[in-house]
Structure formats: C-alpha cells, structure tokens
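Structure, as structure tokens:
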Amino acid sequence: MRVLIADDHALVRSGMRLILANIEPAAQVLEAVDGREAIAIARRETPELCLLDISMPGLNGIDAIPQMLQASPNTRILVVSMHTDRHFVSEALRAGAQGYLLKDAAVDELADAIRSVRQGRPFLSAQLADALLHDFVRQLPAADSPRPTEEPKTLTPRQREVLQLIAEGRSTRDIAERLHLSVKTVETHRAEIQRRLEIHDVAGLTRYAIRQGIVSLDA
C-alpha cells in the first residue's frame with residue numbers, strides 16, 4: 001500500500017510515519033509539504049491513501065482535495081487536522097474526503113479510520129460526528145419556514161487559490177508565477193473576488209480567508 005502524508009510540519013510527518021510502520025508495516029510512505037506537492041505526487045504515484053492536513057501554505061488541504069481526486073481518482077483521502085470547527089469538517093467532506101480525524105486522536109482511532117477509509121466507508125472522529133448530527137438536526141427548517149432567497153457568496157476553485165496567496169502576502173507577480181497565469185489575469189481574479197465578497201482591502205480579504213479555512217493564522 002502506498003500512503004501519502006501531506007502536512008507542512010516535518011515533526012507531524014515523522015510521527016505519522018512511525019505510527020504507520022506499526023499499523024501497516026509494509027506500507028510505502030510518501031511525503032508532501034503542501035497541497036500542490038500532494039497533487040503532483042498523487043498524479044505520479046497514485047497512492048491508495050492520503051493523510052491530509054488542512055492548514056498548509058500555497059494551497060490548503062480543502063482546496064487540494066478535488067484536484068487530488070482528479071489527478072488520482074482511486075486515492076482515498078483521510079483529513080487529519082487540529083481543526084474541530086464543524087465548518088472545516090463539512091467543507092472537507094463536501095470536497096471529497098472520505099474521513100476526518102483529529103490530530104489528538106489515539107493511535108487505535110487512526111488505525112480504525114485508515115481501515116474504514118480503505119474499505120470505502122466514511123469515518124468521523126466520534127466527537128465530530130455527534131456535533132455534526134446535532135447541527136444538522138438544529139438547522140432543519142420547520143415545515144412552514146420560508147425558503148432562503150439569497151444565494152451564499154461563493155468563489156471558484158481558482159479564485160480560492162488566488163485568495164489564499166493574497167492572504168499569505170504574495171504579490172500579484174508572485175501569484176502569477178506560482179499559478180502560471182499572466183499578471184492581468186491575476187488582477188482580474190482579484191477584482192472579481194473583491195466584487196463577489198464585497199471586500200475591498202487586503203486585511204478584510206485575509207480575515208475572510210481565515211474564517212473560511214482557506215488560510216491559517218500560521219501563514
């Protein structure tokens with residue numbers, strides 16, 4: 001079994017590698033330090049499983065998931081994150097992850113999560129599953145509730161990539177080089193992001209990106 005560990009902290013990757021050596025002694029372990037490298041490795045190596053962090057520079061885990069699955073459709077993705085906010089969990093699952101595990105989980109729970117995801121069954125840490133079910137029930141509309149008329153503000157995957165790099169303090173030229181775009185195209189994306197979000201300063205865009213899990217405070 002080929003397993004890809006995608007996390008920007010070397011210590012976390014080393015710890016997971018040691019744990020995997022006990023859970024799956026024959027596993028071939030690959031490592032990536034950010035979302036873009038994870039996508040490249042997934043395309044080249046087609047790992048059976050990816051243990052994916054959310055908060056990574058350049059391209060966060062949530063936005064990397066659809067591109068990873070496009071590059072390697074048979075790869076199962078288990079998010080392993082410190083984020084307990086239900087927003088991160090729902091976004092990761094909506095993006096295509098098969099499971100979500102907290103980084104403070106016991107080794108036995110990681111083994112259970114890997115087993116479930118490999119078998120095609122979804123997995124959630126118990127405390128997250130309870131919280132999500134509670135939220136789902138609480139948010140169910142009453143039979144006589146009016147339907148919402150306003151569409152939520154959404155960005156395209158490319159706009160989310162540009163927004164993350166803006167929030168990380170990258171210049172327009174740097175963003176253009178990283179995404180292989182022209183400077184004019186990046187400027188157009190930036191203007192459209194500001195229009196859609198109705199936010200017209202870098203500080204506001206950064207706060208929005210942090211709230212949505214597009215970028216972490218570490219970045």
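Here's how to read the names in the structure tokens: chain A, B, ... by the order shown, residue numbers from 1 in each chain, ligand numbers from 1 in the order shown.
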> Got a sec: who's within 8 Å of segment 195-203 of chain A, counting only C-alpha atoms, leaving out chain neighbours fewer than 5 positions off, as JSON, numbers by chain?
Replying inline: {"A": [153, 154, 155, 166, 167]}
>> I'd like to know which residues of segment 71-123 of chain A are strand (DSSP E) (by DSSP, run on the backbone); could you write them as a ChimeraX atom specification?
In response: /A:76-81,99-102,123
>> Taking only C-alpha atoms into account, name the residue in A:Gln164, A:Ser125, A:Ser14, A:Ser72 that is nearest to Val29 of chain A.
In response: A:Ser14
>> as a count of residues only, please: the residues near Val33 of chain A (cut-off 7 Å, only C-alpha atoms, same-chain neighbours under 2 positions excluded).
In response: 5
May I have a table of the residues of segment 149-207 of chain A lying at most 12 Å from segment 46-66 of chain A, giving each one's closest pair of atoms and their distance in Å to one decimal, counting only C-alpha atoms, ordered by chain and ascending residue number, as a tab-separated table?
```
residue	atom	partner	partner_atom	distance
A:Leu155	CA	A:Asp63	CA	11.3
A:Thr156	CA	A:Asp63	CA	10.2
A:Pro157	CA	A:Asp63	CA	6.9
A:Arg158	CA	A:Asp63	CA	9.3
A:Gln159	CA	A:Asp63	CA	10.6
A:Arg160	CA	A:Asp63	CA	7.6
A:Glu161	CA	A:Leu59	CA	6.5
A:Val162	CA	A:Leu59	CA	9.4
A:Leu163	CA	A:Leu59	CA	10.1
A:Gln164	CA	A:Gly58	CA	7.0
A:Leu165	CA	A:Gly58	CA	6.3
A:Ile166	CA	A:Gly58	CA	10.0
A:Ala167	CA	A:Gly58	CA	10.1
A:Glu168	CA	A:Pro57	CA	7.9
A:Gly169	CA	A:Gly58	CA	10.8
A:Arg170	CA	A:Gly58	CA	9.7
A:Asp174	CA	A:Gly58	CA	11.4
A:Ile175	CA	A:Gly58	CA	9.7
A:Arg178	CA	A:Gly58	CA	8.8
A:Leu179	CA	A:Gly58	CA	10.0
```
> DSSP on the backbone: what in segment 73-200 of chain A comes out alpha helix (DSSP H), as a PyMOL selection string?
Replying inline: chain A and resi 86-95+107-118+126-139+157-167+172-179+183-197
Deliver the residues from the most recent selection as a file, using C-alpha atoms, as an mmCIF file, in the first residue's frame.
```cif
data_model
loop_
_atom_site.group_PDB
_atom_site.id
_atom_site.type_symbol
_atom_site.label_atom_id
_atom_site.label_comp_id
_atom_site.auth_asym_id
_atom_site.auth_seq_id
_atom_site.Cartn_x
_atom_site.Cartn_y
_atom_site.Cartn_z
ATOM 1 C CA ARG A 86 -17.692 21.907 12.055
ATOM 2 C CA HIS A 87 -17.238 24.262 9.090
ATOM 3 C CA PHE A 88 -13.874 22.690 8.274
ATOM 4 C CA VAL A 89 -15.306 19.189 8.611
ATOM 5 C CA SER A 90 -18.262 19.815 6.323
ATOM 6 C CA GLU A 91 -16.119 21.599 3.723
ATOM 7 C CA ALA A 92 -13.576 18.766 3.675
ATOM 8 C CA LEU A 93 -16.273 16.111 3.247
ATOM 9 C CA ARG A 94 -18.053 18.184 0.607
ATOM 10 C CA ALA A 95 -14.748 18.495 -1.286
ATOM 11 C CA VAL A 107 -3.396 5.523 17.643
ATOM 12 C CA ASP A 108 -6.210 2.957 17.711
ATOM 13 C CA GLU A 109 -8.632 5.528 16.297
ATOM 14 C CA LEU A 110 -6.201 6.325 13.473
ATOM 15 C CA ALA A 111 -5.998 2.610 12.696
ATOM 16 C CA ASP A 112 -9.813 2.397 12.650
ATOM 17 C CA ALA A 113 -10.011 5.456 10.402
ATOM 18 C CA ILE A 114 -7.494 4.042 7.911
ATOM 19 C CA ARG A 115 -9.307 0.717 7.855
ATOM 20 C CA SER A 116 -12.696 2.350 7.262
ATOM 21 C CA VAL A 117 -11.500 4.704 4.539
ATOM 22 C CA ARG A 118 -9.607 1.934 2.709
ATOM 23 C CA ALA A 126 -16.713 10.403 17.450
ATOM 24 C CA GLN A 127 -16.889 13.888 18.961
ATOM 25 C CA LEU A 128 -17.184 15.447 15.496
ATOM 26 C CA ALA A 129 -19.904 13.031 14.409
ATOM 27 C CA ASP A 130 -22.023 13.918 17.446
ATOM 28 C CA ALA A 131 -21.553 17.657 16.863
ATOM 29 C CA LEU A 132 -22.409 17.442 13.161
ATOM 30 C CA LEU A 133 -25.549 15.427 13.826
ATOM 31 C CA HIS A 134 -26.624 17.974 16.437
ATOM 32 C CA ASP A 135 -26.051 20.829 13.996
ATOM 33 C CA PHE A 136 -27.928 19.038 11.229
ATOM 34 C CA VAL A 137 -30.993 18.472 13.385
ATOM 35 C CA ARG A 138 -30.896 22.003 14.803
ATOM 36 C CA GLN A 139 -30.701 23.585 11.353
ATOM 37 C CA PRO A 157 -11.557 26.995 -7.126
ATOM 38 C CA ARG A 158 -9.124 29.273 -8.972
ATOM 39 C CA GLN A 159 -10.377 32.325 -7.089
ATOM 40 C CA ARG A 160 -9.897 30.481 -3.794
ATOM 41 C CA GLU A 161 -6.295 29.719 -4.808
ATOM 42 C CA VAL A 162 -5.681 33.386 -5.618
ATOM 43 C CA LEU A 163 -7.340 34.475 -2.374
ATOM 44 C CA GLN A 164 -5.123 32.170 -0.304
ATOM 45 C CA LEU A 165 -1.983 33.597 -1.877
ATOM 46 C CA ILE A 166 -3.224 37.172 -1.389
ATOM 47 C CA ALA A 167 -3.920 36.405 2.275
ATOM 48 C CA THR A 172 0.464 39.936 -7.862
ATOM 49 C CA ARG A 173 3.549 38.994 -9.876
ATOM 50 C CA ASP A 174 4.456 36.209 -7.439
ATOM 51 C CA ILE A 175 0.904 34.826 -7.623
ATOM 52 C CA ALA A 176 1.033 34.933 -11.418
ATOM 53 C CA GLU A 177 4.309 32.973 -11.476
ATOM 54 C CA ARG A 178 3.095 30.386 -8.955
ATOM 55 C CA LEU A 179 -0.181 29.745 -10.795
ATOM 56 C CA VAL A 183 -0.392 39.424 -14.178
ATOM 57 C CA LYS A 184 -3.503 40.791 -15.860
ATOM 58 C CA THR A 185 -5.392 37.543 -15.244
ATOM 59 C CA VAL A 186 -4.476 37.614 -11.550
ATOM 60 C CA GLU A 187 -5.636 41.233 -11.333
ATOM 61 C CA THR A 188 -8.935 40.213 -12.952
ATOM 62 C CA HIS A 189 -9.371 37.376 -10.438
ATOM 63 C CA ARG A 190 -8.601 39.746 -7.580
ATOM 64 C CA ALA A 191 -11.167 42.285 -8.764
ATOM 65 C CA GLU A 192 -13.818 39.579 -9.128
ATOM 66 C CA ILE A 193 -13.044 38.210 -5.645
ATOM 67 C CA GLN A 194 -13.475 41.671 -4.174
ATOM 68 C CA ARG A 195 -16.720 42.165 -6.087
ATOM 69 C CA ARG A 196 -18.214 38.827 -5.038
ATOM 70 C CA LEU A 197 -17.240 39.157 -1.389
#
```
> Please, what distance in Å, to one decimal, runs between atom CA of Met1 of chain A and atom CA of Ala26 of chain A?
Replying inline: 7.1 Å
> In Å to one decimal, how far is atom CA of Leu102 of chain A from atom CA of Val79 of chain A?
Replying inline: 8.2 Å
> Distance atom CA of Val215 of chain A-atom CA of Lys103 of chain A, one decimal place?
Replying inline: 18.2 Å
